[in-house]
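Have a look at the structure below before the remarks.
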Amino acid sequence: MPIDVEIVSPERRLLNRAVDMVVMPGSEGDLAAMPDHAPMIVLLRGGVVSLHSGGSVSDSFFVAGGFAEITGERCTILADEATPLSGLSRAEGEQKLADAQRAYDEADKSDITTLGPYLDRLQSARAHIEAAQG
């Protein structure tokens, strides 16, 4: 019995189909969603979403963060940004990392509770570069 997966970014719906398993980068570690999974909502970090069918990876996407809603029948990924791995550019990732580092360096660090978004951008840019390398 497959699980229906939908990957949506602010620009468009990238995918909507049934697979055997979805492996995604949860904020607290990688997570697999399969049929009959307990319902949950998961915060995603930047990383690779892998779709598994027939015992192998059928598709992979880079997500820059977002959320996933998982039920026993469905996994909906609402990504801040989503790109098929084949469309990733290492140069673009390096530019994102430079921009994120600049923003972090210029941030007010007197209140560390406000640094989360800067650190998330840095992590996502590093994950982009890693995913682009294959």
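Letters for chains follow the order of the structure tokens (A, B, ...), residue numbers begin at 1 for each chain, and ligand numbers begin at 1 in the order shown.
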### Task
Write down as a ChimeraX atom specification the residues of chain A whose backbone DSSP state falls under helix (DSSP H, G or I).
/A:85-87,90-106,112-114,116-133
Writer output for current selection, C-alpha atoms, as an mmCIF file, in the first residue's frame:
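Saved the output as again.cif:
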```
data_model
loop_
_atom_site.group_PDB
_atom_site.id
_atom_site.type_symbol
_atom_site.label_atom_id
_atom_site.label_comp_id
_atom_site.auth_asym_id
_atom_site.auth_seq_id
_atom_site.Cartn_x
_atom_site.Cartn_y
_atom_site.Cartn_z
ATOM 1 C CA LEU A 85 18.336 17.813 -7.344
ATOM 2 C CA SER A 86 19.083 17.883 -11.060
ATOM 3 C CA GLY A 87 18.296 21.623 -11.041
ATOM 4 C CA ARG A 90 26.670 24.673 -6.457
ATOM 5 C CA ALA A 91 27.438 28.284 -7.435
ATOM 6 C CA GLU A 92 23.933 29.360 -6.401
ATOM 7 C CA GLY A 93 24.373 27.564 -3.069
ATOM 8 C CA GLU A 94 27.705 29.284 -2.498
ATOM 9 C CA GLN A 95 26.099 32.669 -3.214
ATOM 10 C CA LYS A 96 23.285 31.875 -0.757
ATOM 11 C CA LEU A 97 25.891 30.916 1.837
ATOM 12 C CA ALA A 98 27.829 34.155 1.323
ATOM 13 C CA ASP A 99 24.602 36.183 1.619
ATOM 14 C CA ALA A 100 23.514 34.280 4.740
ATOM 15 C CA GLN A 101 26.947 34.703 6.344
ATOM 16 C CA ARG A 102 26.910 38.436 5.607
ATOM 17 C CA ALA A 103 23.430 38.789 7.146
ATOM 18 C CA TYR A 104 24.510 36.808 10.219
ATOM 19 C CA ASP A 105 27.690 38.875 10.614
ATOM 20 C CA GLU A 106 25.624 42.085 10.500
ATOM 21 C CA ILE A 112 20.634 35.384 20.970
ATOM 22 C CA THR A 113 16.935 34.466 20.785
ATOM 23 C CA THR A 114 16.674 36.477 17.547
ATOM 24 C CA GLY A 116 17.403 31.497 14.767
ATOM 25 C CA PRO A 117 16.414 32.670 11.273
ATOM 26 C CA TYR A 118 20.024 33.618 10.477
ATOM 27 C CA LEU A 119 21.276 30.209 11.582
ATOM 28 C CA ASP A 120 18.510 28.484 9.591
ATOM 29 C CA ARG A 121 19.616 30.351 6.434
ATOM 30 C CA LEU A 122 23.232 29.303 7.020
ATOM 31 C CA GLN A 123 22.253 25.650 7.529
ATOM 32 C CA SER A 124 20.009 25.666 4.452
ATOM 33 C CA ALA A 125 22.731 27.201 2.242
ATOM 34 C CA ARG A 126 25.259 24.605 3.430
ATOM 35 C CA ALA A 127 22.739 21.816 2.731
ATOM 36 C CA HIS A 128 22.164 23.294 -0.751
ATOM 37 C CA ILE A 129 25.890 23.092 -1.527
ATOM 38 C CA GLU A 130 26.111 19.541 -0.184
ATOM 39 C CA ALA A 131 23.059 18.426 -2.211
ATOM 40 C CA ALA A 132 24.428 20.062 -5.386
ATOM 41 C CA GLN A 133 27.643 18.053 -5.035
#
```
### Message
List the spatial neighbours of Leu78 of chain A as a ChimeraX atom specification - criterion: any atom at most 10 Å away, only C-alpha atoms, same-chain residues fewer than 3 positions off excluded.
### Response
/A:6-10,13,43-44,63,65-69,75,81-82
Take the residues from that selection and write them out as a CSV table (one decimal), in the first residue's frame, keeping N, CA and C atoms.
```
chain,number,residue,atom,x,y,z
A,6,GLU,N,2.8,14.9,-1.7
A,6,GLU,CA,2.6,16.1,-2.5
A,6,GLU,C,3.7,17.1,-2.0
A,7,ILE,N,4.5,17.7,-2.9
A,7,ILE,CA,5.5,18.6,-2.6
A,7,ILE,C,5.1,20.0,-3.2
A,8,VAL,N,4.9,21.0,-2.4
A,8,VAL,CA,4.4,22.3,-2.8
A,8,VAL,C,5.4,23.4,-2.3
A,9,SER,N,5.7,24.3,-3.2
A,9,SER,CA,6.5,25.4,-2.9
A,9,SER,C,5.7,26.7,-3.1
A,10,PRO,N,6.1,27.8,-2.7
A,10,PRO,CA,5.3,29.0,-2.9
A,10,PRO,C,5.0,29.3,-4.4
A,13,ARG,N,3.2,23.6,-7.4
A,13,ARG,CA,3.2,22.2,-6.9
A,13,ARG,C,4.1,21.4,-7.8
A,43,LEU,N,8.5,20.2,11.4
A,43,LEU,CA,9.3,21.3,10.9
A,43,LEU,C,10.5,20.7,10.1
A,44,LEU,N,10.7,21.2,8.9
A,44,LEU,CA,11.8,20.8,8.1
A,44,LEU,C,13.0,21.7,8.1
A,63,VAL,N,14.9,20.9,-0.4
A,63,VAL,CA,14.0,21.8,0.2
A,63,VAL,C,14.8,22.7,1.2
A,65,GLY,N,13.7,24.3,3.7
A,65,GLY,CA,13.0,24.3,5.0
A,65,GLY,C,11.5,24.3,4.7
A,66,GLY,N,10.7,24.3,5.8
A,66,GLY,CA,9.2,24.3,5.6
A,66,GLY,C,8.6,23.4,6.6
A,67,PHE,N,7.5,22.8,6.2
A,67,PHE,CA,6.7,21.9,7.1
A,67,PHE,C,6.3,20.7,6.3
A,68,ALA,N,6.0,19.6,7.0
A,68,ALA,CA,5.4,18.4,6.4
A,68,ALA,C,4.3,18.0,7.3
A,69,GLU,N,3.2,17.7,6.7
A,69,GLU,CA,2.0,17.1,7.4
A,69,GLU,C,1.9,15.6,7.0
A,75,CYS,N,1.4,12.4,2.8
A,75,CYS,CA,2.5,13.3,3.2
A,75,CYS,C,2.5,14.5,2.4
A,81,GLU,N,11.2,26.5,-0.2
A,81,GLU,CA,11.7,26.5,-1.6
A,81,GLU,C,12.0,25.0,-1.9
A,82,ALA,N,11.7,24.6,-3.1
A,82,ALA,CA,11.9,23.2,-3.5
A,82,ALA,C,12.4,23.1,-4.9
```
### Task
Quick one: pick out all strand (DSSP E) residues within chain A from a backbone DSSP run and write them as a ChimeraX atom specification.
/A:3-8,13-19,21-26,29-33,40-44,47-53,56-63,66-70,74-79,82-84
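We find atom CA of Ile3 of chain A and atom CA of Gly29 of chain A to be spaced 20.7 Å apart.
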### Query
Looking at A:Arg12, A:Lys109, A:His52, A:Arg74, which one is nearest to Met40 of chain A, with distances taken over only C-alpha atoms?
A:Arg74
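Atom CA of Ile41 of chain A to atom CA of Gly26 of chain A spans 10.1 Å [interatomic distance, one decimal].
Proximity of A:Thr76, A:Ser89, A:Ser27, A:Ser53 to Met1 of chain A, computed with only C-alpha atoms, is greatest for A:Ser53.
When atom CA of His37 of chain A is paired with atom CA of Pro84 of chain A, their separation reads 25.0 Å.
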## Note on the structure
With distances taken over only C-alpha atoms, the candidate from A:Ser110, A:Ser58, A:Thr83, A:Thr71 nearest Ala33 of chain A is A:Thr71
